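Source file: protein.cif. Holds: mmCIF, C-alpha atoms and all ligand atoms.
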data_coords
loop_
_atom_site.label_atom_id
_atom_site.label_comp_id
_atom_site.auth_asym_id
_atom_site.auth_seq_id
_atom_site.Cartn_x
_atom_site.Cartn_y
_atom_site.Cartn_z
CA MET X 1 14.57 -16.94 79.67
CA LEU X 2 15.52 -13.85 77.66
CA ILE X 3 18.77 -11.92 77.96
CA ILE X 4 19.42 -8.65 76.16
CA ALA X 5 23.08 -7.89 75.52
CA ASP X 6 25.13 -5.07 73.99
CA ASP X 7 26.34 -6.36 70.61
CA LYS X 8 29.92 -5.14 71.29
CA ILE X 9 30.74 -7.72 73.95
CA PRO X 10 33.38 -10.02 72.48
CA PHE X 11 33.44 -13.75 73.35
CA LEU X 12 29.83 -13.65 74.58
CA LYS X 13 28.10 -15.30 71.63
CA GLY X 14 27.31 -18.93 72.44
CA ALA X 15 28.01 -18.76 76.17
CA LEU X 16 24.43 -18.23 77.34
CA GLU X 17 22.49 -19.59 74.35
CA PRO X 18 22.17 -23.11 75.84
CA PHE X 19 20.12 -21.58 78.67
CA ALA X 20 18.39 -18.52 77.22
CA ASP X 21 17.37 -16.60 74.15
CA VAL X 22 19.99 -13.91 73.78
CA VAL X 23 19.29 -10.81 71.71
CA TYR X 24 22.23 -8.57 70.77
CA ILE X 25 21.55 -4.86 70.27
CA PRO X 26 23.94 -1.87 69.89
CA GLY X 27 24.46 -0.57 73.45
CA ALA X 28 23.34 3.01 72.77
CA SER X 29 20.10 1.75 71.13
CA ILE X 30 18.88 -0.59 73.88
CA GLY X 31 15.49 0.89 74.84
CA PRO X 32 12.58 0.07 77.19
CA GLU X 33 10.71 -1.70 74.36
CA ASP X 34 13.57 -4.23 74.01
CA LEU X 35 13.28 -5.16 77.66
CA ASN X 36 9.56 -5.88 78.05
CA ASN X 37 10.06 -9.63 78.38
CA ALA X 38 13.71 -9.74 79.37
CA ASP X 39 15.07 -11.40 82.53
CA GLY X 40 18.68 -10.28 82.30
CA LEU X 41 20.60 -7.37 80.79
CA ILE X 42 24.30 -7.29 79.87
CA VAL X 43 25.72 -3.88 78.97
CA ARG X 44 28.91 -1.91 78.58
CA THR X 45 29.06 1.85 79.24
CA ARG X 46 26.93 3.02 76.31
CA THR X 47 23.60 1.93 77.87
CA LYS X 48 22.11 4.16 80.55
CA VAL X 49 20.54 1.72 82.99
CA ASN X 50 17.91 3.56 85.01
CA GLU X 51 14.24 3.82 85.86
CA GLU X 52 13.35 5.06 82.39
CA LEU X 53 14.91 1.96 80.82
CA LEU X 54 13.67 -0.67 83.25
CA LYS X 55 10.49 0.51 84.95
CA HIS X 56 8.15 -1.60 82.75
CA SER X 57 10.42 -4.63 82.53
CA LYS X 58 10.80 -7.73 84.68
CA VAL X 59 14.60 -7.67 84.46
CA LYS X 60 16.05 -9.23 87.61
CA ALA X 61 19.80 -8.96 86.96
CA VAL X 62 22.01 -6.38 85.26
CA VAL X 63 25.73 -6.65 84.64
CA SER X 64 28.11 -4.16 83.06
CA ALA X 65 31.16 -5.87 81.56
CA THR X 66 33.23 -2.80 82.48
CA ILE X 67 34.92 -1.19 85.45
CA GLY X 68 32.98 2.08 85.37
CA THR X 69 29.47 2.20 86.86
CA ASP X 70 28.48 5.83 86.26
CA HIS X 71 26.00 4.68 83.57
CA LEU X 72 24.09 2.58 86.14
CA ASP X 73 21.54 4.14 88.52
CA ILE X 74 22.65 1.93 91.40
CA PRO X 75 20.32 3.35 94.09
CA TRP X 76 17.33 2.76 91.78
CA LEU X 77 18.44 -0.79 90.92
CA GLU X 78 18.90 -1.61 94.60
CA ALA X 79 15.62 -0.02 95.65
CA ASN X 80 13.88 -2.19 93.05
CA ASN X 81 15.62 -5.44 94.04
CA ILE X 82 17.43 -5.77 90.74
CA ALA X 83 20.74 -7.55 91.25
CA TRP X 84 23.64 -5.81 89.56
CA THR X 85 27.39 -5.96 89.24
CA ASN X 86 30.25 -4.58 87.21
CA ALA X 87 33.60 -6.21 86.45
CA PRO X 88 36.10 -4.68 88.90
CA GLY X 89 39.67 -4.81 87.69
CA CYS X 90 38.76 -6.36 84.32
CA ASN X 91 40.71 -3.91 82.18
CA SER X 92 43.16 -2.46 84.72
CA GLY X 93 46.06 -4.24 82.96
CA SER X 94 44.96 -2.61 79.72
CA VAL X 95 45.01 0.89 81.24
CA LYS X 96 48.42 0.14 82.74
CA GLN X 97 49.67 -0.69 79.23
CA TYR X 98 48.07 2.51 77.87
CA ILE X 99 49.81 4.63 80.52
CA ALA X 100 53.13 2.81 79.98
CA SER X 101 52.79 3.62 76.29
CA VAL X 102 52.17 7.28 77.18
CA PHE X 103 55.35 7.17 79.32
CA SER X 104 57.17 5.71 76.32
CA ALA X 105 55.93 8.51 74.08
CA LEU X 106 57.17 11.06 76.63
CA GLU X 107 60.59 9.36 76.79
CA MET X 108 60.82 9.40 73.01
CA ASN X 109 59.79 13.08 72.91
CA TYR X 110 62.54 14.42 75.13
CA PHE X 111 60.66 14.24 78.42
CA PRO X 112 62.87 11.75 80.31
CA LEU X 113 61.06 10.24 83.27
CA ARG X 114 63.78 8.65 85.40
CA GLY X 115 63.99 10.52 88.71
CA LYS X 116 60.80 12.48 88.01
CA THR X 117 57.73 12.39 90.26
CA LEU X 118 54.49 10.68 89.24
CA GLY X 119 51.30 11.71 91.06
CA ILE X 120 48.48 9.17 90.97
CA VAL X 121 45.01 10.41 91.93
CA GLY X 122 42.80 7.39 92.71
CA VAL X 123 44.71 4.26 93.65
CA GLY X 124 42.29 1.40 93.09
CA ASN X 125 42.58 -1.41 90.56
CA VAL X 126 44.02 0.81 87.83
CA GLY X 127 45.99 3.30 89.96
CA SER X 128 47.84 0.51 91.79
CA LYS X 129 48.99 -0.99 88.51
CA VAL X 130 49.96 2.41 87.12
CA ALA X 131 52.16 2.86 90.22
CA LYS X 132 54.13 -0.21 89.09
CA ALA X 133 54.49 1.22 85.59
CA GLY X 134 55.80 4.45 87.13
CA GLU X 135 58.37 2.52 89.18
CA ALA X 136 59.41 0.61 86.06
CA PHE X 137 60.31 3.93 84.42
CA GLY X 138 62.27 4.98 87.51
CA MET X 139 59.79 7.51 88.83
CA ARG X 140 59.07 8.40 92.42
CA VAL X 141 55.38 7.71 93.00
CA LEU X 142 53.02 9.84 95.10
CA MET X 143 49.48 8.65 95.72
CA ASN X 144 46.26 10.43 96.61
CA ASP X 145 43.19 8.45 97.60
CA PRO X 146 41.24 9.91 100.56
CA PRO X 147 38.67 7.06 100.70
CA ARG X 148 41.50 4.52 101.00
CA ASN X 149 43.28 6.74 103.48
CA GLU X 150 40.22 6.62 105.73
CA LYS X 151 40.03 2.83 105.66
CA GLU X 152 43.69 1.74 105.53
CA PRO X 153 46.00 2.98 108.28
CA ASP X 154 49.09 2.00 106.24
CA PHE X 155 48.08 3.81 103.06
CA GLU X 156 50.52 6.67 102.40
CA ASN X 157 48.16 9.36 101.26
CA VAL X 158 49.55 12.61 99.87
CA ASP X 159 47.22 15.59 100.04
CA LEU X 160 45.95 16.46 96.54
CA ASN X 161 47.36 20.00 96.57
CA VAL X 162 50.77 18.74 97.69
CA LEU X 163 50.71 16.01 95.05
CA LEU X 164 49.88 18.56 92.35
CA GLN X 165 52.67 20.88 93.50
CA MET X 166 55.27 18.10 93.51
CA SER X 167 54.41 15.97 90.49
CA ASP X 168 55.96 16.19 87.04
CA VAL X 169 53.30 13.83 85.71
CA VAL X 170 49.78 13.67 87.16
CA THR X 171 47.40 10.87 86.20
CA PHE X 172 43.74 10.47 87.23
CA HIS X 173 42.22 7.05 88.04
CA VAL X 174 39.12 7.93 90.06
CA PRO X 175 35.49 6.97 89.51
CA LEU X 176 33.16 9.80 88.43
CA THR X 177 31.14 10.91 91.46
CA ARG X 178 29.17 14.11 92.05
CA GLU X 179 28.11 13.45 95.61
CA GLY X 180 29.50 12.03 98.82
CA LYS X 181 32.47 13.04 100.88
CA TYR X 182 35.03 12.98 98.05
CA PRO X 183 33.33 13.92 94.78
CA THR X 184 35.55 13.72 91.70
CA TRP X 185 33.49 15.81 89.28
CA TYR X 186 35.86 18.59 88.01
CA LEU X 187 38.68 17.51 90.31
CA LEU X 188 40.87 19.55 87.99
CA ASN X 189 39.30 23.01 88.22
CA ASP X 190 40.45 26.65 88.41
CA THR X 191 41.67 26.18 91.98
CA THR X 192 43.51 22.88 91.60
CA LEU X 193 45.08 23.98 88.31
CA MET X 194 46.90 26.74 90.17
CA MET X 195 48.49 24.08 92.43
CA MET X 196 50.15 22.28 89.53
CA LYS X 197 53.89 22.34 89.00
CA ARG X 198 54.86 24.47 85.99
CA GLY X 199 55.75 22.37 82.95
CA SER X 200 54.02 19.21 84.13
CA VAL X 201 52.14 16.54 82.20
CA LEU X 202 48.46 15.78 82.83
CA ILE X 203 46.88 12.44 81.89
CA ASN X 204 43.19 11.58 82.21
CA SER X 205 41.95 8.09 81.37
CA SER X 206 39.27 7.90 84.08
CA ARG X 207 36.12 9.79 83.10
CA GLY X 208 35.93 12.98 81.03
CA GLU X 209 34.16 15.10 83.65
CA VAL X 210 36.95 14.59 86.19
CA VAL X 211 38.87 17.29 84.29
CA GLU X 212 37.17 20.60 83.46
CA GLU X 213 38.27 20.99 79.84
CA ARG X 214 37.99 24.78 79.86
CA VAL X 215 40.53 24.78 82.70
CA LEU X 216 42.78 22.30 80.93
CA MET X 217 42.84 24.64 77.90
CA LYS X 218 43.80 27.47 80.21
CA GLY X 219 46.60 25.37 81.72
CA LEU X 220 47.94 24.48 78.28
CA SER X 221 47.75 28.07 77.00
CA SER X 222 49.66 29.41 79.99
CA GLU X 223 52.17 26.52 79.68
CA LEU X 224 51.54 25.59 83.28
CA ILE X 225 50.72 22.24 81.72
CA LYS X 226 53.33 21.29 79.13
CA HIS X 227 51.67 18.18 77.73
CA ALA X 228 48.19 16.74 78.16
CA VAL X 229 46.89 13.29 77.32
CA LEU X 230 43.17 12.49 77.23
CA ASP X 231 41.47 9.16 76.63
CA VAL X 232 38.17 10.40 78.06
CA TRP X 233 36.42 13.66 77.23
CA GLU X 234 33.77 15.88 78.71
CA HIS X 235 31.29 15.48 75.86
CA GLU X 236 32.46 12.32 74.17
CA PRO X 237 31.84 11.28 71.46
CA ASP X 238 31.43 14.98 70.48
CA ILE X 239 34.91 16.03 71.44
CA SER X 240 36.35 19.55 71.41
CA LEU X 241 38.49 19.85 68.28
CA GLU X 242 40.14 22.95 69.69
CA LEU X 243 41.31 20.97 72.71
CA GLN X 244 42.30 17.96 70.59
CA GLU X 245 44.65 20.25 68.62
CA ARG X 246 46.49 21.16 71.82
CA LEU X 247 46.95 17.62 73.16
CA MET X 248 50.08 15.56 72.93
CA ILE X 249 47.88 12.45 72.76
CA GLY X 250 44.10 12.22 72.44
CA THR X 251 42.39 8.84 72.06
CA PRO X 252 38.76 7.68 71.76
CA HIS X 253 38.22 6.11 75.20
CA ILE X 254 40.15 2.96 74.41
CA ALA X 255 42.62 2.75 77.31
CA GLY X 256 40.76 -0.33 78.57
CA TYR X 257 40.33 -1.90 75.13
CA SER X 258 42.87 -4.73 75.20
CA VAL X 259 41.38 -8.07 74.17
CA ASP X 260 42.40 -9.38 77.60
CA GLY X 261 40.43 -6.62 79.35
CA LYS X 262 37.31 -7.23 77.28
CA ALA X 263 37.57 -11.00 77.80
CA ASN X 264 37.80 -10.47 81.57
CA GLY X 265 34.70 -8.24 81.45
CA THR X 266 32.75 -10.85 79.49
CA THR X 267 33.86 -13.59 81.89
CA ALA X 268 32.55 -11.58 84.85
CA ALA X 269 29.25 -10.96 83.02
CA VAL X 270 28.60 -14.60 82.16
CA ARG X 271 29.51 -15.77 85.66
CA PHE X 272 27.12 -13.24 87.19
CA MET X 273 24.24 -14.36 84.96
CA SER X 274 25.06 -17.96 85.86
CA GLN X 275 24.97 -17.18 89.59
CA GLN X 276 21.78 -15.14 89.38
CA PHE X 277 19.82 -17.66 87.29
CA GLY X 278 21.45 -20.88 88.52
CA LEU X 279 22.87 -21.85 85.12
CA GLY X 280 25.73 -23.95 86.50
CA ILE X 281 28.50 -22.18 84.56
CA ASP X 282 29.88 -20.12 87.46
CA ASP X 283 33.47 -20.92 86.36
CA TRP X 284 32.98 -20.02 82.67
CA SER X 285 35.89 -18.13 81.08
CA ALA X 286 36.32 -16.41 77.74
CA SER X 287 38.88 -18.46 75.87
CA GLU X 288 40.92 -18.57 72.67
CA LEU X 289 42.09 -15.00 72.80
CA PRO X 290 43.71 -14.02 69.48
CA VAL X 291 47.50 -14.24 69.28
CA PHE X 292 49.97 -12.67 66.89
CA ASP X 293 52.42 -14.89 64.95
CA ASP X 294 55.35 -13.73 67.02
CA MET X 295 54.84 -12.59 70.57
CA THR X 296 58.49 -12.77 71.59
CA LEU X 297 60.60 -9.62 71.81
CA THR X 298 64.39 -9.80 72.02
CA VAL X 299 66.78 -7.40 73.72
CA LYS X 300 70.39 -7.69 72.62
CA GLU X 301 72.26 -4.48 73.40
CA VAL X 302 70.97 -2.31 76.19
CA ASN X 303 71.11 1.38 75.35
CA ASP X 304 72.67 3.86 77.80
CA ARG X 305 69.24 5.29 78.43
CA LEU X 306 67.47 2.30 79.93
CA ASN X 307 64.07 3.95 79.68
CA LEU X 308 64.43 4.25 75.91
CA GLU X 309 64.99 0.50 75.73
CA LEU X 310 61.91 -0.04 77.86
CA ALA X 311 59.93 2.39 75.73
CA LYS X 312 60.84 0.49 72.55
CA LEU X 313 59.61 -2.77 74.08
CA VAL X 314 56.38 -1.22 75.34
CA VAL X 315 55.67 0.38 71.97
CA SER X 316 56.23 -2.97 70.19
CA THR X 317 53.21 -4.28 72.12
CA TYR X 318 51.10 -1.13 71.95
CA ASP X 319 51.74 2.32 70.46
CA VAL X 320 49.26 4.84 71.85
CA THR X 321 50.37 7.49 69.33
CA LYS X 322 48.78 5.42 66.54
CA ASP X 323 45.40 5.54 68.31
CA SER X 324 45.87 9.27 68.75
CA GLN X 325 46.73 9.71 65.06
CA ARG X 326 43.60 7.80 63.98
CA LEU X 327 41.40 10.07 66.11
CA ARG X 328 43.18 13.15 64.80
CA GLU X 329 42.45 12.06 61.24
CA SER X 330 38.76 11.45 61.91
CA PRO X 331 37.49 12.81 65.22
CA GLN X 332 33.92 12.46 63.92
CA HIS X 333 34.44 8.68 63.94
CA PHE X 334 35.03 8.48 67.72
CA GLU X 335 32.49 5.68 68.23
CA SER X 336 33.41 3.66 65.15
CA LEU X 337 37.10 3.82 66.08
CA ARG X 338 36.06 2.19 69.35
CA GLY X 339 33.74 -0.30 67.68
CA ASN X 340 36.42 -1.43 65.22
CA TYR X 341 39.37 -1.34 67.58
CA PRO X 342 42.41 -3.43 66.52
CA VAL X 343 43.52 -6.44 68.54
CA ARG X 344 45.74 -5.45 71.45
CA ARG X 345 47.28 -7.94 73.91
CA GLU X 346 48.50 -6.91 77.37
CA PHE X 347 52.09 -7.27 78.63
CA PRO X 348 51.66 -10.71 80.30
CA ALA X 349 50.85 -12.18 76.87
CA TRP X 350 54.30 -11.08 75.57
CA GLN X 351 57.64 -12.70 76.27
CA VAL X 352 60.88 -10.72 76.36
CA LYS X 353 64.19 -12.51 75.80
CA VAL X 354 66.95 -10.62 77.55
CA THR X 355 70.12 -12.23 76.23
CA LYS X 356 72.57 -10.34 78.45
CA GLU X 357 72.41 -10.13 82.20
CA HIS X 358 70.71 -6.86 82.89
CA GLU X 359 69.03 -6.84 86.25
CA THR X 360 67.64 -3.30 86.15
CA LEU X 361 65.94 -3.90 82.82
CA LYS X 362 64.60 -7.26 84.00
CA ASN X 363 63.19 -5.64 87.14
CA ALA X 364 61.50 -2.97 85.08
CA LEU X 365 60.04 -5.56 82.71
CA GLN X 366 58.77 -7.54 85.68
CA LEU X 367 57.10 -4.45 87.11
CA LEU X 368 55.36 -3.97 83.78
CA GLY X 369 54.22 -7.60 83.80
CA PHE X 370 56.06 -9.07 80.80
CA GLN X 371 57.10 -12.74 80.78
CA ILE X 372 60.88 -12.81 80.82
CA SER X 373 63.29 -15.41 79.50
CA GLY X 374 66.99 -15.21 78.97
N1 LIG U 401 39.55 4.86 79.78
C1 LIG U 401 39.21 3.60 79.98
O1 LIG U 401 39.08 2.82 79.05
C2 LIG U 401 39.03 3.09 81.37
C3 LIG U 401 39.31 1.76 81.65
C4 LIG U 401 39.21 1.32 82.97
C5 LIG U 401 38.78 2.19 83.98
N2 LIG U 401 38.46 3.46 83.63
C6 LIG U 401 38.03 4.40 84.67
O2 LIG U 401 39.14 4.63 85.52
C7 LIG U 401 38.69 4.90 86.84
C8 LIG U 401 39.42 4.01 87.85
O3 LIG U 401 39.12 2.66 87.63
P1 LIG U 401 39.48 1.56 88.73
O4 LIG U 401 39.14 0.25 88.17
O5 LIG U 401 40.84 1.77 89.23
O6 LIG U 401 38.42 1.91 89.86
P2 LIG U 401 38.54 1.50 91.39
O7 LIG U 401 37.17 1.64 91.93
O8 LIG U 401 39.23 0.20 91.53
O9 LIG U 401 39.50 2.62 91.99
C9 LIG U 401 39.13 3.96 92.11
C10 LIG U 401 39.88 4.54 93.29
O10 LIG U 401 39.60 5.94 93.34
C11 LIG U 401 39.49 6.29 94.71
N3 LIG U 401 38.78 7.56 94.86
C12 LIG U 401 37.46 7.79 94.93
N4 LIG U 401 37.21 9.10 95.07
C13 LIG U 401 38.42 9.72 95.11
C14 LIG U 401 38.83 11.06 95.23
N5 LIG U 401 37.96 12.08 95.35
N6 LIG U 401 40.15 11.34 95.20
C15 LIG U 401 41.07 10.35 95.07
N7 LIG U 401 40.73 9.05 94.98
C16 LIG U 401 39.42 8.74 94.97
C17 LIG U 401 38.79 5.11 95.34
O11 LIG U 401 38.97 5.08 96.75
C18 LIG U 401 39.44 3.94 94.63
O12 LIG U 401 40.57 3.47 95.34
C19 LIG U 401 37.16 4.73 86.79
O13 LIG U 401 36.58 5.98 86.50
C20 LIG U 401 36.94 3.85 85.59
O14 LIG U 401 35.68 4.01 85.06
C21 LIG U 401 38.59 3.94 82.37
O1 LIG U 402 34.66 1.53 82.54
C1 LIG U 402 35.39 0.86 81.84
O2 LIG U 402 35.61 -0.35 82.07
C2 LIG U 402 36.07 1.49 80.67
O3 LIG U 402 35.85 2.85 80.60
C3 LIG U 402 35.74 0.76 79.39
O4 LIG U 402 36.79 0.93 78.49
C4 LIG U 402 34.46 1.23 78.79
O5 LIG U 402 34.23 0.57 77.59
P1 LIG U 402 32.84 0.67 76.84
O6 LIG U 402 31.81 0.06 77.72
O7 LIG U 402 32.53 2.12 76.65
O8 LIG U 402 33.01 -0.11 75.60
#

Could you rewrite the structure in this file as structure tokens?
Ligand SMILES: NC(=O)c1ccc[n+]([C@@H]2O[C@H](COP(=O)([O-])OP(=O)(O)OC[C@H]3O[C@@H](n4cnc5c(N)ncnc54)[C@H](O)[C@@H]3O)[C@@H](O)[C@H]2O)c1
Ligand SMILES: O=C(O)[C@H](O)[C@H](O)COP(=O)(O)O
Amino acid sequence: MLIIADDKIPFLKGALEPFADVVYIPGASIGPEDLNNADGLIVRTRTKVNEELLKHSKVKAVVSATIGTDHLDIPWLEANNIAWTNAPGCNSGSVKQYIASVFSALEMNYFPLRGKTLGIVGVGNVGSKVAKAGEAFGMRVLMNDPPRNEKEPDFENVDLNVLLQMSDVVTFHVPLTREGKYPTWYLLNDTTLMMMKRGSVLINSSRGEVVEERVLMKGLSSELIKHAVLDVWEHEPDISLELQERLMIGTPHIAGYSVDGKANGTTAAVRFMSQQFGLGIDDWSASELPVFDDMTLTVKEVNDRLNLELAKLVVSTYDVTKDSQRLRESPQHFESLRGNYPVRREFPAWQVKVTKEHETLKNALQLLGFQISG
């Protein structure tokens, strides 16, 4: 058996070798010629999996060790009886940490969040966790998700225009879709921009084309949008330097890049290959995630501004402004900044010692997902 895999899938080496020859190739370079004799394909988002790639191959199973699926031609795979899956939820904790770090940067830059309104567009695996991060920072949370609204009678959907009018911070967590009842392509456009509350913050860590960058520039120039944060870009990796200049934070599509998130993606990929080819390792898990020497944080005095305390703790685990600074220094290295991303561990891997009784802080830390001791 032959499996072709993207060479940027951590923890994968060794897992499938007892059962198959595994050839590792940079994701963007995997081509039809590599797949002539392959049975399985494991990718991340940099491989476009479509008819052109697979039509002459005998590949029977494809897995993307990511949440996003917009690089997979799903109708074609299904029409050709090729089993496929992605890794739903794998890096949602990582994006939650990214957004919490953005909240921390706002707090530290004189944009206090307590009592403000957070609008979440797309409330799936990531959006639901981001809602908890918003609550941790004392925000009122509004949610917009028409597909969920159709299916779940209890889901409290807020119309998109109303959400945009009412929110101080708007964050997008939708898949990229161009068709269907609720397409998300250019969800922020000339019309929706005009709905936004003056002086608000816009965050996009979903897919670049969800936000029309020309319109975002317009919003920033007119100060309708006070701060913007982008992890995903319309033409990544060739990003607009003019737009980058105007952003509060701009990062190279790394919101989901915690080690935990990548390990979860790899686990899902190996399990899928096991199920498809009967390898008997359906419960395989990526293990031995790297740890730092000290993963305990201590809170002694609690500052008057609770959110600042929270922000300090969040930033000790992950400081998004450093990722932004690295991209600012070398935007041309977008892909290599991703390829050589430093180790980042999510909140549940960190323990916070709260020496004094401080219920509100403990609640907030719980909402973020830290381990707490005291
Ligand atoms: N930047 C990163 O590193 C990173 C990491 C993880 C996920 N992502 C992206 O974030 C997005 C969300 O990921 P997820 O795991 O939460 O996906 P998900 O599928 O779990 O959730 C997406 C939600 O969006 C909703 N939705 C669909 N169309 C909508 C519309 N028009 N308006 C409002 N809601 C709509 C769906 O009903 C669903 O609840 C995806 O685009 C994913 O690719 C990016
Ligand atoms: O879709 C996802 O899971 C995320 O966007 C993820 O961060 C993509 O990572 P990549 O495959 O580009 O390494």

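Taking atom CA of X:Ile25 and atom CA of X:Asp6 as the two end points, the separation is 5.2 Å.
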
Give as a CSV table (one decimal) with C-alpha atoms, keeping the file's coordinate frame the residues surrounding ligand LIG 401 (chain U) up to a distance of 9 Å, considering all atoms listed in the file.
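In the end it all went to out13.csv:
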chain,number,residue,atom,x,y,z
X,66,THR,CA,33.2,-2.8,82.5
X,67,ILE,CA,34.9,-1.2,85.4
X,68,GLY,CA,33.0,2.1,85.4
X,69,THR,CA,29.5,2.2,86.9
X,70,ASP,CA,28.5,5.8,86.3
X,87,ALA,CA,33.6,-6.2,86.4
X,88,PRO,CA,36.1,-4.7,88.9
X,89,GLY,CA,39.7,-4.8,87.7
X,90,CYS,CA,38.8,-6.4,84.3
X,91,ASN,CA,40.7,-3.9,82.2
X,92,SER,CA,43.2,-2.5,84.7
X,93,GLY,CA,46.1,-4.2,83.0
X,94,SER,CA,45.0,-2.6,79.7
X,95,VAL,CA,45.0,0.9,81.2
X,120,ILE,CA,48.5,9.2,91.0
X,121,VAL,CA,45.0,10.4,91.9
X,122,GLY,CA,42.8,7.4,92.7
X,123,VAL,CA,44.7,4.3,93.6
X,124,GLY,CA,42.3,1.4,93.1
X,125,ASN,CA,42.6,-1.4,90.6
X,126,VAL,CA,44.0,0.8,87.8
X,127,GLY,CA,46.0,3.3,90.0
X,128,SER,CA,47.8,0.5,91.8
X,129,LYS,CA,49.0,-1.0,88.5
X,143,MET,CA,49.5,8.6,95.7
X,144,ASN,CA,46.3,10.4,96.6
X,145,ASP,CA,43.2,8.4,97.6
X,146,PRO,CA,41.2,9.9,100.6
X,147,PRO,CA,38.7,7.1,100.7
X,148,ARG,CA,41.5,4.5,101.0
X,149,ASN,CA,43.3,6.7,103.5
X,160,LEU,CA,46.0,16.5,96.5
X,172,PHE,CA,43.7,10.5,87.2
X,173,HIS,CA,42.2,7.0,88.0
X,174,VAL,CA,39.1,7.9,90.1
X,175,PRO,CA,35.5,7.0,89.5
X,176,LEU,CA,33.2,9.8,88.4
X,177,THR,CA,31.1,10.9,91.5
X,181,LYS,CA,32.5,13.0,100.9
X,182,TYR,CA,35.0,13.0,98.0
X,183,PRO,CA,33.3,13.9,94.8
X,184,THR,CA,35.6,13.7,91.7
X,185,TRP,CA,33.5,15.8,89.3
X,187,LEU,CA,38.7,17.5,90.3
X,204,ASN,CA,43.2,11.6,82.2
X,205,SER,CA,42.0,8.1,81.4
X,206,SER,CA,39.3,7.9,84.1
X,207,ARG,CA,36.1,9.8,83.1
X,208,GLY,CA,35.9,13.0,81.0
X,210,VAL,CA,37.0,14.6,86.2
X,230,LEU,CA,43.2,12.5,77.2
X,231,ASP,CA,41.5,9.2,76.6
X,232,VAL,CA,38.2,10.4,78.1
X,252,PRO,CA,38.8,7.7,71.8
X,253,HIS,CA,38.2,6.1,75.2
X,254,ILE,CA,40.2,3.0,74.4
X,255,ALA,CA,42.6,2.8,77.3
X,256,GLY,CA,40.8,-0.3,78.6
X,257,TYR,CA,40.3,-1.9,75.1
X,261,GLY,CA,40.4,-6.6,79.4

May I have the residues within 12 Å of X:Leu279 as an MDAnalysis selection string, using all atoms listed in the file and disregarding those fewer than 2 positions away in the same chain?
chainID X and resid 1 15:20 270:277 281:284

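With all atoms listed in the file as the atoms that count, the minimum distance from X:Met139 to the choices X:Gln351, X:Ala364, X:Asn109, X:Leu327 is reached by X:Ala364.
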
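Atom pair atom CA of X:Val162 / atom CA of X:Ala131: separated by 17.6 Å.
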
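Restricting the calculation to all atoms listed in the file, the smallest distance between X:Lys312 and any of X:Phe103, X:Tyr186, X:Tyr110, X:Trp233 is found for X:Phe103.
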
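Remark: for X:Gly138, the closest of the candidate residues X:Leu113, X:Ile82, X:Ala269, X:Ala28 is X:Leu113 (distances computed over all atoms listed in the file).
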
Surrounding residues of X:Glu309 excluding itself and chain neighbours under 2 positions, 12 Å, only C-alpha atoms, as a PDB file with C-alpha atoms, in the coordinates of the input:
ATOM      1  CA  SER X 104      57.170   5.710  76.320  1.00  0.00           C
ATOM      2  CA  GLU X 107      60.590   9.360  76.790  1.00  0.00           C
ATOM      3  CA  MET X 108      60.820   9.400  73.010  1.00  0.00           C
ATOM      4  CA  ALA X 136      59.410   0.610  86.060  1.00  0.00           C
ATOM      5  CA  PHE X 137      60.310   3.930  84.420  1.00  0.00           C
ATOM      6  CA  LEU X 297      60.600  -9.620  71.810  1.00  0.00           C
ATOM      7  CA  THR X 298      64.390  -9.800  72.020  1.00  0.00           C
ATOM      8  CA  VAL X 299      66.780  -7.400  73.720  1.00  0.00           C
ATOM      9  CA  LYS X 300      70.390  -7.690  72.620  1.00  0.00           C
ATOM     10  CA  GLU X 301      72.260  -4.480  73.400  1.00  0.00           C
ATOM     11  CA  VAL X 302      70.970  -2.310  76.190  1.00  0.00           C
ATOM     12  CA  ASN X 303      71.110   1.380  75.350  1.00  0.00           C
ATOM     13  CA  ASP X 304      72.670   3.860  77.800  1.00  0.00           C
ATOM     14  CA  ARG X 305      69.240   5.290  78.430  1.00  0.00           C
ATOM     15  CA  LEU X 306      67.470   2.300  79.930  1.00  0.00           C
ATOM     16  CA  ASN X 307      64.070   3.950  79.680  1.00  0.00           C
ATOM     17  CA  ALA X 311      59.930   2.390  75.730  1.00  0.00           C
ATOM     18  CA  LYS X 312      60.840   0.490  72.550  1.00  0.00           C
ATOM     19  CA  LEU X 313      59.610  -2.770  74.080  1.00  0.00           C
ATOM     20  CA  VAL X 314      56.380  -1.220  75.340  1.00  0.00           C
ATOM     21  CA  VAL X 315      55.670   0.380  71.970  1.00  0.00           C
ATOM     22  CA  SER X 316      56.230  -2.970  70.190  1.00  0.00           C
ATOM     23  CA  VAL X 352      60.880 -10.720  76.360  1.00  0.00           C
ATOM     24  CA  VAL X 354      66.950 -10.620  77.550  1.00  0.00           C
ATOM     25  CA  HIS X 358      70.710  -6.860  82.890  1.00  0.00           C
ATOM     26  CA  THR X 360      67.640  -3.300  86.150  1.00  0.00           C
ATOM     27  CA  LEU X 361      65.940  -3.900  82.820  1.00  0.00           C
ATOM     28  CA  LYS X 362      64.600  -7.260  84.000  1.00  0.00           C
ATOM     29  CA  ALA X 364      61.500  -2.970  85.080  1.00  0.00           C
ATOM     30  CA  LEU X 365      60.040  -5.560  82.710  1.00  0.00           C
TER      31      LEU X 365
END

Can you pull out the residues contacting X:Gln165? Cut-off 7 Å, using all atoms listed in the file, and skip same-chain residues under 2 positions away; I want them as a ChimeraX atom specification.
/X:161-163,167,195-197

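Atom pair atom CA of X:Val158 / atom CA of X:Ile249: separated by 27.2 Å.
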
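Shortest atom-to-atom contact with ligand LIG 402 (chain U) among X:Gly339, X:Gly374, X:Gly180, X:Gly219: X:Gly339, counting all atoms listed in the file.
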